[in-house]
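Q: Pasting upload10.txt below, which is compact mmCIF, C-alpha atoms.
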```txt
# COMPACT_ATOMS: atom_id res chain seq x y z
CA MET G 26 -49.20 -159.06 -5.00
CA THR G 27 -50.39 -155.52 -5.67
CA GLY G 28 -49.77 -156.05 -9.37
CA TYR G 29 -51.72 -159.31 -9.31
CA LEU G 30 -54.69 -157.71 -7.59
CA SER G 31 -54.51 -154.73 -9.95
CA ASP G 32 -54.67 -157.15 -12.93
CA VAL G 33 -57.64 -158.96 -11.38
CA ALA G 34 -59.43 -155.66 -10.73
CA ALA G 35 -58.76 -154.41 -14.29
CA LEU G 36 -60.07 -157.65 -15.82
CA ALA G 37 -63.18 -157.81 -13.63
CA ARG G 38 -63.90 -154.15 -14.27
CA LYS G 39 -63.60 -154.73 -18.01
CA ASP G 40 -66.23 -157.50 -17.85
CA LEU G 41 -68.59 -155.32 -15.82
CA VAL G 42 -68.21 -152.38 -18.22
CA VAL G 43 -68.83 -154.64 -21.22
CA GLU G 44 -71.93 -156.10 -19.53
CA LEU G 45 -73.17 -152.64 -18.63
CA ARG G 46 -72.97 -151.67 -22.30
CA THR G 47 -74.18 -154.86 -23.95
CA ARG G 48 -76.62 -156.14 -21.30
CA ASP G 49 -76.07 -159.62 -22.69
CA THR G 50 -76.08 -161.66 -19.51
CA VAL G 51 -77.70 -160.12 -16.44
CA PRO G 52 -81.10 -159.28 -17.99
CA ALA G 53 -81.33 -162.84 -19.35
CA MET G 54 -80.49 -164.21 -15.90
CA LEU G 55 -83.08 -161.98 -14.22
CA LEU G 56 -85.80 -162.94 -16.66
CA PHE G 57 -84.98 -166.61 -16.40
CA ILE G 58 -84.92 -166.86 -12.63
CA VAL G 59 -88.07 -164.81 -12.09
CA ALA G 60 -89.88 -166.78 -14.80
CA ALA G 61 -88.70 -170.06 -13.28
CA LEU G 62 -89.92 -169.06 -9.81
CA VAL G 63 -93.31 -168.00 -11.20
CA VAL G 64 -93.69 -171.24 -13.18
CA PHE G 65 -92.67 -173.36 -10.18
CA HIS G 66 -95.17 -171.45 -8.05
CA PHE G 67 -98.01 -172.58 -10.30
CA ALA G 68 -96.53 -176.03 -10.96
CA LEU G 69 -96.34 -176.96 -7.28
CA PRO G 70 -99.62 -178.31 -5.90
CA GLU G 71 -101.56 -176.13 -3.47
CA GLY G 72 -100.15 -176.39 0.03
CA SER G 73 -96.82 -177.85 -1.03
CA SER G 74 -94.26 -178.04 1.69
CA ARG G 75 -91.39 -175.63 2.27
CA LEU G 76 -89.13 -178.57 1.45
CA ALA G 77 -90.32 -178.54 -2.16
CA ALA G 78 -90.03 -174.76 -2.39
CA GLY G 79 -86.45 -174.80 -1.10
CA GLY G 80 -85.49 -177.45 -3.65
CA MET G 81 -87.08 -175.45 -6.47
CA LEU G 82 -85.10 -172.36 -5.52
CA TRP G 83 -81.81 -174.20 -5.73
CA ILE G 84 -82.67 -175.69 -9.12
CA ALA G 85 -83.56 -172.21 -10.41
CA LEU G 86 -80.33 -170.72 -9.02
CA LEU G 87 -78.16 -173.38 -10.58
CA PHE G 88 -79.67 -173.12 -14.05
CA THR G 89 -79.59 -169.33 -13.90
CA ALA G 90 -75.89 -169.50 -13.09
CA LEU G 91 -75.36 -171.61 -16.21
CA LEU G 92 -76.46 -168.64 -18.32
CA ALA G 93 -73.62 -166.53 -16.92
CA LEU G 94 -71.10 -169.34 -17.09
CA VAL G 95 -71.82 -170.24 -20.71
CA ARG G 96 -71.24 -166.62 -21.73
CA ALA G 97 -68.23 -165.99 -19.52
CA PHE G 98 -65.63 -167.02 -22.10
CA VAL G 99 -67.66 -167.21 -25.30
CA GLY G 100 -67.03 -163.57 -26.25
CA GLU G 101 -63.35 -163.85 -25.39
CA ARG G 102 -63.02 -166.92 -27.61
CA GLU G 103 -65.14 -165.66 -30.50
CA GLU G 104 -63.47 -162.26 -30.70
CA GLY G 105 -60.05 -163.74 -30.01
CA THR G 106 -59.51 -161.45 -27.03
CA LEU G 107 -58.55 -164.39 -24.83
CA ASP G 108 -55.33 -164.54 -26.88
CA GLY G 109 -54.73 -160.91 -25.99
CA LEU G 110 -55.05 -161.72 -22.31
CA LEU G 111 -52.87 -164.83 -22.59
CA LEU G 112 -50.16 -162.80 -24.32
CA ALA G 113 -50.07 -160.28 -21.49
CA PRO G 114 -47.44 -160.83 -18.82
CA CYS G 115 -49.99 -161.11 -16.04
CA ASP G 116 -50.36 -164.38 -14.14
CA ARG G 117 -52.93 -166.45 -16.03
CA SER G 118 -54.76 -167.25 -12.84
CA ALA G 119 -55.55 -163.52 -12.65
CA ILE G 120 -57.66 -163.98 -15.81
CA TRP G 121 -59.62 -166.73 -14.04
CA LEU G 122 -60.01 -164.70 -10.85
CA GLY G 123 -61.14 -161.56 -12.71
CA LYS G 124 -63.71 -163.59 -14.62
CA THR G 125 -64.82 -165.37 -11.44
CA LEU G 126 -65.43 -162.04 -9.73
CA SER G 127 -67.51 -160.75 -12.63
CA VAL G 128 -69.58 -163.97 -12.69
CA LEU G 129 -70.03 -163.58 -8.94
CA ALA G 130 -71.28 -160.03 -9.44
CA PHE G 131 -73.78 -161.21 -12.08
CA LEU G 132 -75.05 -163.92 -9.71
CA LEU G 133 -75.48 -161.36 -6.93
CA PHE G 134 -77.48 -159.11 -9.26
CA ALA G 135 -79.76 -161.98 -10.21
CA GLU G 136 -80.21 -163.08 -6.60
CA ALA G 137 -80.94 -159.56 -5.42
CA VAL G 138 -84.13 -159.95 -7.42
CA ALA G 139 -84.66 -163.69 -7.08
CA LEU G 140 -84.54 -163.95 -3.29
CA PRO G 141 -87.22 -161.28 -2.65
CA ALA G 142 -89.29 -162.96 -5.38
CA PHE G 143 -88.85 -166.29 -3.59
CA ALA G 144 -89.99 -164.68 -0.35
CA LEU G 145 -93.01 -163.26 -2.16
CA PHE G 146 -94.11 -166.49 -3.83
CA TYR G 147 -92.99 -169.14 -1.32
CA GLU G 148 -91.35 -168.74 2.07
CA PRO G 149 -89.85 -165.89 4.08
CA LEU G 150 -86.08 -165.62 3.78
CA THR G 151 -83.95 -166.97 6.60
CA TRP G 152 -80.35 -166.15 7.41
CA GLU G 153 -79.44 -169.79 6.71
CA LEU G 154 -80.83 -169.54 3.20
CA VAL G 155 -79.02 -166.28 2.46
CA ALA G 156 -75.75 -167.61 3.89
CA GLY G 157 -76.13 -170.82 1.88
CA VAL G 158 -76.74 -168.89 -1.34
CA ALA G 159 -73.75 -166.63 -0.66
CA LEU G 160 -71.43 -169.60 -0.08
CA ALA G 161 -72.83 -171.53 -3.04
CA ASN G 162 -72.24 -168.48 -5.26
CA VAL G 163 -68.53 -168.68 -4.58
CA GLY G 164 -68.44 -172.37 -5.49
CA ILE G 165 -70.54 -171.87 -8.61
CA ALA G 166 -68.38 -168.97 -9.81
CA THR G 167 -65.01 -170.58 -9.10
CA VAL G 168 -65.56 -174.02 -10.59
CA GLY G 169 -68.04 -172.80 -13.20
CA THR G 170 -65.62 -170.25 -14.60
CA LEU G 171 -62.94 -172.88 -15.00
CA LEU G 172 -65.34 -175.26 -16.74
CA GLY G 173 -66.72 -172.37 -18.81
CA ALA G 174 -63.21 -171.73 -20.12
CA MET G 175 -62.89 -175.42 -21.02
CA ALA G 176 -66.28 -175.57 -22.73
CA ALA G 177 -65.76 -172.31 -24.64
CA ALA G 178 -62.87 -173.92 -26.53
CA THR G 179 -65.30 -176.40 -28.12
CA ARG G 180 -68.06 -175.97 -30.67
CA ALA G 181 -70.65 -177.73 -28.49
CA ARG G 182 -70.09 -175.37 -25.57
CA GLU G 183 -73.78 -174.90 -24.68
CA LEU G 184 -74.14 -178.66 -24.37
CA LEU G 185 -70.78 -179.41 -22.84
CA LEU G 186 -70.86 -176.90 -20.00
CA PRO G 187 -73.99 -178.29 -18.29
CA LEU G 188 -72.59 -181.81 -18.72
CA LEU G 189 -69.36 -180.79 -17.01
CA PHE G 190 -70.79 -178.38 -14.49
CA LEU G 191 -73.93 -180.02 -13.10
CA PRO G 192 -72.24 -183.15 -11.71
CA VAL G 193 -69.51 -181.05 -10.10
CA ALA G 194 -72.13 -178.65 -8.70
CA LEU G 195 -74.23 -181.40 -7.09
CA PRO G 196 -72.49 -180.99 -3.72
CA LEU G 197 -73.47 -177.30 -3.85
CA VAL G 198 -77.12 -178.26 -4.25
CA ILE G 199 -76.89 -180.79 -1.44
CA GLY G 200 -75.16 -178.27 0.82
CA GLY G 201 -77.47 -175.44 -0.18
CA VAL G 202 -80.68 -177.41 0.31
CA GLY G 203 -79.35 -178.78 3.58
CA ALA G 204 -78.45 -175.30 4.82
CA THR G 205 -81.92 -174.06 3.81
CA LEU G 206 -83.99 -176.87 5.28
CA ALA G 207 -82.05 -178.98 7.79
CA ASP G 208 -82.30 -178.60 11.55
CA GLU G 209 -78.54 -178.11 11.82
CA PRO G 210 -77.65 -175.75 8.98
CA GLY G 211 -74.18 -175.08 10.39
CA ARG G 212 -72.87 -178.44 9.17
CA TYR G 213 -74.06 -177.75 5.65
CA LEU G 214 -72.70 -174.21 5.63
CA ALA G 215 -69.33 -175.55 6.73
CA PHE G 216 -69.54 -178.14 3.95
CA LEU G 217 -70.22 -175.37 1.40
CA ALA G 218 -67.28 -173.32 2.72
CA LEU G 219 -65.00 -176.35 2.43
CA TYR G 220 -66.20 -177.00 -1.13
CA ASP G 221 -65.51 -173.35 -2.01
CA LEU G 222 -62.00 -173.52 -0.60
CA ILE G 223 -61.05 -176.77 -2.32
CA PHE G 224 -62.46 -175.86 -5.71
CA ALA G 225 -61.12 -172.30 -5.59
CA ILE G 226 -57.61 -173.64 -5.06
CA LEU G 227 -58.01 -176.32 -7.74
CA SER G 228 -59.44 -173.89 -10.28
CA TRP G 229 -56.86 -171.22 -9.52
CA ALA G 230 -54.01 -173.70 -9.96
CA SER G 231 -55.32 -175.44 -13.07
CA PHE G 232 -56.63 -172.52 -15.17
CA GLU G 233 -53.32 -172.05 -16.99
CA TYR G 234 -53.44 -175.64 -18.30
CA VAL G 235 -57.04 -175.24 -19.44
CA VAL G 236 -56.28 -172.28 -21.69
CA THR G 237 -52.91 -173.44 -23.03
CA GLU G 238 -53.10 -175.07 -26.47
CA MET X 6 -32.75 -164.63 -28.94
CA ILE X 7 -34.85 -167.20 -30.86
CA ARG X 8 -33.70 -170.73 -31.66
CA ALA X 9 -35.87 -173.30 -33.43
CA TYR X 10 -34.70 -176.86 -34.11
CA GLY X 11 -36.90 -179.26 -36.04
CA LEU X 12 -39.86 -177.18 -34.97
CA GLY X 13 -43.24 -178.65 -35.87
CA ARG X 14 -46.87 -178.41 -34.94
CA ARG X 15 -49.69 -180.82 -35.55
CA PHE X 16 -53.39 -180.29 -34.99
CA GLY X 17 -54.73 -183.78 -34.48
CA GLU X 18 -53.63 -185.76 -37.52
CA ARG X 19 -52.89 -182.66 -39.58
CA ARG X 20 -49.28 -181.53 -39.64
CA VAL X 21 -49.15 -177.79 -40.26
CA LEU X 22 -45.50 -177.09 -39.63
CA LYS X 23 -42.59 -179.51 -39.96
CA GLY X 24 -38.84 -179.42 -39.42
CA ILE X 25 -38.30 -175.68 -39.14
CA ASP X 26 -34.76 -174.66 -38.16
CA PHE X 27 -33.63 -171.10 -37.68
CA GLN X 28 -31.92 -168.76 -35.27
CA LEU X 29 -32.63 -165.09 -34.89
CA GLY X 30 -30.57 -162.59 -32.97
CA GLN X 31 -31.43 -159.25 -31.45
CA GLY X 32 -32.24 -156.55 -34.01
CA GLU X 33 -32.75 -158.99 -36.88
CA PHE X 34 -35.78 -158.77 -39.14
CA LEU X 35 -37.17 -162.06 -40.43
CA LEU X 36 -39.61 -162.14 -43.31
CA VAL X 37 -41.67 -165.32 -43.41
CA THR X 38 -43.24 -166.15 -46.75
CA GLY X 39 -45.22 -169.06 -48.09
CA PRO X 40 -48.54 -170.00 -49.66
CA ASN X 41 -51.80 -170.31 -47.75
CA GLY X 42 -51.69 -173.17 -45.28
CA SER X 43 -47.91 -173.32 -45.16
CA GLY X 44 -47.90 -172.55 -41.45
CA LYS X 45 -46.94 -168.87 -41.28
CA THR X 46 -49.63 -168.03 -38.73
CA THR X 47 -48.88 -171.16 -36.73
CA LEU X 48 -45.19 -170.24 -36.62
CA LEU X 49 -45.99 -166.77 -35.30
CA ARG X 50 -48.39 -168.17 -32.69
CA LEU X 51 -45.68 -170.60 -31.58
CA LEU X 52 -43.19 -167.72 -31.25
CA ALA X 53 -45.76 -165.71 -29.27
CA GLY X 54 -46.33 -168.60 -26.87
CA LEU X 55 -49.97 -168.98 -27.84
CA LEU X 56 -49.27 -172.51 -29.07
CA ALA X 57 -46.88 -175.13 -27.80
CA PRO X 58 -44.78 -177.09 -30.33
CA THR X 59 -45.65 -180.74 -30.84
CA ASP X 60 -42.28 -181.52 -32.46
CA GLY X 61 -38.78 -180.14 -32.07
CA THR X 62 -37.71 -177.39 -29.73
CA LEU X 63 -38.26 -173.67 -29.62
CA GLU X 64 -36.36 -171.31 -27.37
CA VAL X 65 -37.46 -167.69 -27.14
CA GLU X 66 -35.18 -165.87 -24.73
CA ILE X 67 -37.42 -162.98 -24.04
CA ASP X 68 -39.95 -162.18 -21.37
CA ARG X 69 -43.58 -162.66 -22.37
CA GLY X 70 -44.26 -159.04 -21.50
CA ARG X 71 -41.73 -157.82 -24.06
CA VAL X 72 -43.41 -159.51 -27.03
CA GLY X 73 -45.82 -157.65 -29.31
CA PHE X 74 -48.14 -159.81 -31.39
CA LEU X 75 -50.41 -158.73 -34.22
CA GLY X 76 -52.45 -161.61 -35.57
CA HIS X 77 -55.46 -161.97 -37.81
CA GLU X 78 -57.75 -160.91 -34.97
CA PRO X 79 -57.24 -157.44 -33.49
CA LEU X 80 -57.58 -158.81 -29.91
CA LEU X 81 -59.68 -155.79 -28.98
CA TYR X 82 -62.96 -155.52 -27.08
CA ARG X 83 -65.68 -154.27 -29.39
CA HIS X 84 -67.70 -152.69 -26.59
CA LEU X 85 -64.80 -150.77 -25.08
CA THR X 86 -63.56 -147.55 -26.60
CA ALA X 87 -60.18 -147.30 -28.30
CA LEU X 88 -58.73 -145.59 -25.23
CA GLU X 89 -60.28 -148.11 -22.81
CA ASN X 90 -58.81 -150.99 -24.83
CA LEU X 91 -55.34 -149.49 -24.73
CA ASP X 92 -55.72 -148.60 -21.06
CA LEU X 93 -56.62 -152.21 -20.22
CA TYR X 94 -53.62 -153.60 -22.11
CA GLY X 95 -51.42 -150.85 -20.68
CA ARG X 96 -52.34 -151.96 -17.17
CA LEU X 97 -51.76 -155.64 -17.92
CA TYR X 98 -48.38 -154.87 -19.55
CA ARG X 99 -47.41 -152.50 -16.70
CA VAL X 100 -46.77 -149.65 -19.13
CA SER X 101 -45.52 -146.63 -17.25
CA GLU X 102 -47.39 -143.47 -18.27
CA ARG X 103 -49.77 -145.67 -20.24
CA ARG X 104 -52.25 -142.87 -20.93
CA GLU X 105 -49.58 -140.66 -22.50
CA ARG X 106 -48.23 -143.58 -24.52
CA ALA X 107 -51.74 -144.58 -25.65
CA GLY X 108 -52.52 -140.98 -26.60
CA MET X 109 -49.30 -140.68 -28.58
CA LEU X 110 -50.00 -143.88 -30.54
CA LEU X 111 -53.62 -142.93 -31.20
CA GLU X 112 -52.43 -139.59 -32.56
CA ARG X 113 -49.75 -141.21 -34.71
CA TYR X 114 -52.18 -143.72 -36.20
CA GLY X 115 -54.92 -141.17 -36.77
CA LEU X 116 -57.37 -142.45 -34.16
CA TRP X 117 -57.25 -139.66 -31.59
CA GLU X 118 -60.53 -138.16 -32.77
CA VAL X 119 -62.36 -141.45 -32.28
CA ARG X 120 -60.62 -142.45 -29.04
CA ALA X 121 -63.86 -142.33 -27.03
CA GLU X 122 -65.91 -144.40 -29.47
CA PRO X 123 -66.53 -148.11 -28.99
CA THR X 124 -64.45 -150.07 -31.45
CA ALA X 125 -67.60 -151.87 -32.66
CA SER X 126 -68.18 -148.79 -34.80
CA PHE X 127 -64.68 -148.94 -36.35
CA SER X 128 -63.99 -150.02 -39.92
CA ARG X 129 -61.68 -152.98 -40.52
CA GLY X 130 -58.84 -150.60 -41.35
CA MET X 131 -59.36 -148.56 -38.18
CA MET X 132 -59.38 -151.79 -36.15
CA GLN X 133 -56.09 -152.80 -37.74
CA ARG X 134 -54.59 -149.42 -36.85
CA LEU X 135 -55.80 -149.76 -33.27
CA ALA X 136 -54.47 -153.32 -33.14
CA LEU X 137 -51.09 -151.91 -34.18
CA CYS X 138 -51.33 -149.38 -31.34
CA ARG X 139 -52.06 -152.27 -28.94
CA THR X 140 -49.11 -154.22 -30.30
CA LEU X 141 -46.69 -151.31 -29.94
CA LEU X 142 -48.05 -149.94 -26.66
CA HIS X 143 -45.51 -151.64 -24.40
CA GLN X 144 -42.55 -151.03 -26.73
CA PRO X 145 -41.89 -154.70 -27.40
CA GLU X 146 -38.40 -156.07 -27.98
CA LEU X 147 -39.81 -158.84 -30.17
CA LEU X 148 -42.45 -157.85 -32.69
CA LEU X 149 -44.49 -160.59 -34.36
CA LEU X 150 -46.70 -159.37 -37.20
CA ASP X 151 -49.00 -161.58 -39.23
CA GLU X 152 -50.08 -159.92 -42.48
CA PRO X 153 -49.80 -156.46 -40.88
CA PHE X 154 -50.71 -154.57 -44.05
CA SER X 155 -54.07 -156.27 -44.47
CA ALA X 156 -56.96 -153.79 -44.36
CA LEU X 157 -54.63 -150.80 -44.04
CA ASP X 158 -55.16 -147.93 -46.47
CA THR X 159 -52.23 -146.15 -48.13
CA GLN X 160 -51.69 -143.79 -45.21
CA GLY X 161 -51.89 -146.59 -42.65
CA ALA X 162 -49.46 -148.70 -44.68
CA GLU X 163 -47.02 -145.78 -44.86
CA LEU X 164 -47.21 -145.34 -41.09
CA LEU X 165 -46.46 -149.03 -40.61
CA ASP X 166 -43.62 -148.82 -43.14
CA ALA X 167 -42.13 -145.98 -41.11
CA GLU X 168 -42.54 -147.99 -37.90
CA LEU X 169 -40.76 -151.00 -39.39
CA GLY X 170 -38.07 -148.81 -40.93
CA GLY X 171 -37.00 -147.38 -37.59
CA ASN X 172 -36.40 -150.82 -36.16
CA GLY X 173 -33.36 -150.23 -33.92
CA PRO X 174 -32.52 -153.07 -31.52
CA ARG X 175 -35.99 -154.58 -31.86
CA THR X 176 -36.30 -158.06 -33.35
CA VAL X 177 -39.09 -158.40 -35.88
CA VAL X 178 -40.76 -161.40 -37.51
CA VAL X 179 -43.30 -160.61 -40.22
CA ALA X 180 -45.42 -163.09 -42.13
CA SER X 181 -46.71 -161.58 -45.31
CA HIS X 182 -48.17 -162.32 -48.70
CA GLN X 183 -46.72 -159.03 -49.89
CA PRO X 184 -42.96 -159.64 -49.44
CA GLU X 185 -42.14 -156.72 -51.72
CA ARG X 186 -43.50 -154.34 -49.05
CA ILE X 187 -41.30 -155.78 -46.33
CA ALA X 188 -38.23 -156.75 -48.36
CA ALA X 189 -36.52 -153.39 -47.83
CA HIS X 190 -36.63 -153.85 -44.05
CA SER X 191 -35.88 -157.54 -43.75
CA THR X 192 -32.45 -158.95 -43.03
CA ARG X 193 -33.46 -162.63 -43.20
CA ARG X 194 -36.02 -164.70 -45.06
CA LEU X 195 -37.76 -167.95 -44.25
CA ALA X 196 -39.80 -169.54 -47.01
CA LEU X 197 -42.35 -172.09 -45.82
CA THR X 198 -43.70 -174.60 -48.30
```
As structure tokens - that is how I would like this structure written.
A:
Amino acid sequence: MTGYLSDVAALARKDLVVELRTRDTVPAMLLFIVAALVVFHFALPEGSSRLAAGGMLWIALLFTALLALVRAFVGEREEGTLDGLLLAPCDRSAIWLGKTLSVLAFLLFAEAVALPAFALFYEPLTWELVAGVALANVGIATVGTLLGAMAAATRARELLLPLLFLPVALPLVIGGVGATLADEPGRYLAFLALYDLIFAILSWASFEYVVTE
Amino acid sequence: MIRAYGLGRRFGERRVLKGIDFQLGQGEFLLVTGPNGSGKTTLLRLLAGLLAPTDGTLEVEIDRGRVGFLGHEPLLYRHLTALENLDLYGRLYRVSERRERAGMLLERYGLWEVRAEPTASFSRGMMQRLALCRTLLHQPELLLLDEPFSALDTQGAELLDAELGGNGPRTVVVASHQPERIAAHSTRRLALT
């Protein structure tokens, strides 16, 4: 178990170091989500309800996450380094978990800017919203990383990933919007936690088959 | 150690490798030759476990962690330094004293001075040397080398010659367009057509 966690930590750390040096993903995510929130702010009619604002936030979060997910395995595939990882004796699910953790870190970076921006342009933040975003992040990262690995193996990866990911992520939007706006957010937060658990197990167990040719 | 019976691999409709039979024991050195497109790279990727056979059977009685594979790509991260790349692979391969081992290989292959530079700044030849360091880092029992001399200068080729010469109990499979370079080391040959 210690070896497994050490592999996961080494792989996640590698992704963070590479991102720190290349700045390929996080700045693009930050720019996109802030730009989206600004555009939505002016696109929504004066006096629009908090319901509309909450929905807009979740759309922006989901499409921002796609930027990280599309890039998660592209470099590994293009430079052939995924083969290097697959050759290593570590459990292949550790590759998925390391990548999931780095995607999660990128999402947190983006949201650390996006949520205050949302509070500035739209509505004050509530604990339900923050908890919903935190739980949705886990679901986005777990299932998105798996689908990102699938899509990266194809030439039409930028097209394929949204086609695969958005339908699977719909429950996250429903749960997230519900947690943000409903009178009983607890039910929706529990739904998000259940989604995270199910898809984390499925993704963890199936990653090996996704990357085996 | 390695047994292949009727081994084949297809990619969609295209059959790249067909009906390959061979056995290889510990310490043997197999030279694989053949023209472009004959399936040399595919055979090595099958042996490494990066591809699964579509026909026949392949038995490789060796732990995945004891295989060293050098392919056409160096399998290195361009934005990590030489030392960081070897450290990452050393961790994943559970190499004891990985820093000492990485340092020794970098010295041997003439990369110690550039150990702290990102490999994006390396020439093709330097990348090939570092890829060799990565391949040898965990002291593999089965060494799979695909065109290992490509991009190496005279000094690099001599270092690799010396490495292959001191083979010991290690099993080696080399695919090469320059069989004359390897012939002195090889104990078996497999010609793909």
Q: As JSON, numbers by chain, could you give me every residue of chain X near chain G (at most 12 Å apart, counting only C-alpha atoms)?
A: {"X": [14, 15, 16, 17, 47, 50, 51, 52, 53, 54, 55, 56, 57, 58, 59, 67, 68, 69, 70, 71, 72, 73, 74, 75, 76, 77, 78, 79, 80, 81, 82, 83, 84, 85, 86, 89, 90, 91, 92, 93, 94, 95, 96, 97, 98, 99, 100, 123, 125, 136, 139, 140, 142, 143, 145, 149]}
Q: Please report the interatomic distance between atom CA of X:Ala189 and atom CA of X:Phe34 in Å with one decimal.
A: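 Atom-to-atom, atom CA of X:Ala189 to atom CA of X:Phe34, that is 10.2 Å.
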Q: Would you pick out the contacts of stretch 167-178 of chain G at 6 Å or less, using all atoms listed in the file, so that residues sharing its chain but fewer than 6 positions from it are not included, and give the list as a list of chain:residue names?
A: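 Listing them by chain and then by number gives G:Leu94, G:Val95, G:Phe98, G:Val99, G:Thr125, G:Leu185, G:Leu186, G:Ala225, G:Ser228.
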Q: (-75.2, -171.9, -9.4) in this file's frame - what residues fall within 12 Å of it? Use all atoms listed in the file and give the answer as a CSV table (one decimal) with C-alpha atoms, in the frame of the given file.
A:
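Contents of out.csv, as written:
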```csv
chain,number,residue,atom,x,y,z
G,54,MET,CA,-80.5,-164.2,-15.9
G,58,ILE,CA,-84.9,-166.9,-12.6
G,82,LEU,CA,-85.1,-172.4,-5.5
G,83,TRP,CA,-81.8,-174.2,-5.7
G,84,ILE,CA,-82.7,-175.7,-9.1
G,85,ALA,CA,-83.6,-172.2,-10.4
G,86,LEU,CA,-80.3,-170.7,-9.0
G,87,LEU,CA,-78.2,-173.4,-10.6
G,88,PHE,CA,-79.7,-173.1,-14.0
G,89,THR,CA,-79.6,-169.3,-13.9
G,90,ALA,CA,-75.9,-169.5,-13.1
G,91,LEU,CA,-75.4,-171.6,-16.2
G,92,LEU,CA,-76.5,-168.6,-18.3
G,93,ALA,CA,-73.6,-166.5,-16.9
G,94,LEU,CA,-71.1,-169.3,-17.1
G,95,VAL,CA,-71.8,-170.2,-20.7
G,128,VAL,CA,-69.6,-164.0,-12.7
G,129,LEU,CA,-70.0,-163.6,-8.9
G,131,PHE,CA,-73.8,-161.2,-12.1
G,132,LEU,CA,-75.0,-163.9,-9.7
G,133,LEU,CA,-75.5,-161.4,-6.9
G,135,ALA,CA,-79.8,-162.0,-10.2
G,136,GLU,CA,-80.2,-163.1,-6.6
G,157,GLY,CA,-76.1,-170.8,1.9
G,158,VAL,CA,-76.7,-168.9,-1.3
G,159,ALA,CA,-73.8,-166.6,-0.7
G,160,LEU,CA,-71.4,-169.6,-0.1
G,161,ALA,CA,-72.8,-171.5,-3.0
G,162,ASN,CA,-72.2,-168.5,-5.3
G,163,VAL,CA,-68.5,-168.7,-4.6
G,164,GLY,CA,-68.4,-172.4,-5.5
G,165,ILE,CA,-70.5,-171.9,-8.6
G,166,ALA,CA,-68.4,-169.0,-9.8
G,167,THR,CA,-65.0,-170.6,-9.1
G,168,VAL,CA,-65.6,-174.0,-10.6
G,169,GLY,CA,-68.0,-172.8,-13.2
G,170,THR,CA,-65.6,-170.2,-14.6
G,187,PRO,CA,-74.0,-178.3,-18.3
G,190,PHE,CA,-70.8,-178.4,-14.5
G,191,LEU,CA,-73.9,-180.0,-13.1
G,192,PRO,CA,-72.2,-183.2,-11.7
G,193,VAL,CA,-69.5,-181.0,-10.1
G,194,ALA,CA,-72.1,-178.6,-8.7
G,195,LEU,CA,-74.2,-181.4,-7.1
G,196,PRO,CA,-72.5,-181.0,-3.7
G,197,LEU,CA,-73.5,-177.3,-3.8
G,198,VAL,CA,-77.1,-178.3,-4.2
G,201,GLY,CA,-77.5,-175.4,-0.2
```
Q: Taking into account all atoms listed in the file, which residue in the set X:Ala9, X:Ile187, X:Leu150, X:Leu116 is nearest to X:Gly130?
A: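 The closest residue to X:Gly130 is X:Leu116.
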Q: May I ask which of the residues G:Pro210, G:Gly79, G:Gly72, G:Gly123 is the closest one to G:Leu30, counting only C-alpha atoms?
A: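 Of all the options, G:Gly123 lies closest to G:Leu30.
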Q: Rank nothing, just name the residue among G:Ile223, G:Val155, G:Val235, G:Leu41 nearest to G:Lys124, using all atoms listed in the file.
A: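 The answer is G:Leu41, which sits nearest to G:Lys124.
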Q: Fewer than 6 positions away in the same chain doesn't count, so skip those; otherwise give me all residues within 10 Å of G:Phe146, counting all atoms listed in the file, as a list of chain:residue names.
A: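 The contact residues come out as G:Leu62, G:Val63, G:Phe65, G:His66, G:Phe67, G:Ala78, G:Leu140.
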Q: Just the selected residues (C-alpha atoms), exported as a CSV table (one decimal), keeping the file's coordinate frame, please.
A:
```
chain,number,residue,atom,x,y,z
G,62,LEU,CA,-89.9,-169.1,-9.8
G,63,VAL,CA,-93.3,-168.0,-11.2
G,65,PHE,CA,-92.7,-173.4,-10.2
G,66,HIS,CA,-95.2,-171.4,-8.0
G,67,PHE,CA,-98.0,-172.6,-10.3
G,78,ALA,CA,-90.0,-174.8,-2.4
G,140,LEU,CA,-84.5,-164.0,-3.3
```
Q: Measuring atom to atom with only C-alpha atoms, identify which of X:Val37, X:Leu111, X:Leu147, X:Met132 is nearest to X:Pro184.
A: X:Val37
Q: Atom CA of G:Leu219 and atom CA of G:Ala156 are how many Å apart?
A: 13.9 Å
Q: What does the distance between atom CA of X:Gln160 and atom CA of X:Phe127 come to in Å, to one decimal place?
A: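 Going from atom CA of X:Gln160 over to atom CA of X:Phe127 covers 16.5 Å.
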Q: With all atoms listed in the file as the basis for distance, which of X:Thr124, X:Glu64, X:Val21, X:Glu33 is at the shortest distance from X:Leu169?
A: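 Ranked by minimum distance to X:Leu169, first place goes to X:Glu33.
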Q: Using only C-alpha atoms, which protein or nucleic acid residues come within 8 Å of X:Gly24? Drop anything in the same chain fewer than 5 positions from it, and give the result as a list of chain:residue names.
A: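 Contacts, in chain order: X:Tyr10, X:Gly11, X:Leu12, X:Gly13, X:Gly61.
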Q: Just the selected residues (C-alpha atoms), exported as a PDB file, in the frame of the given file, please.
A:
```pdb
ATOM      1  CA  TYR X  10     -34.700-176.860 -34.110  1.00  0.00           C
ATOM      2  CA  GLY X  11     -36.900-179.260 -36.040  1.00  0.00           C
ATOM      3  CA  LEU X  12     -39.860-177.180 -34.970  1.00  0.00           C
ATOM      4  CA  GLY X  13     -43.240-178.650 -35.870  1.00  0.00           C
ATOM      5  CA  GLY X  61     -38.780-180.140 -32.070  1.00  0.00           C
TER       6      GLY X  61
END
```
Q: For G:Pro149, which residue among G:Thr205, G:Thr50, G:Thr27, G:Ser73 is the nearest when counting all atoms listed in the file?
A: G:Thr205
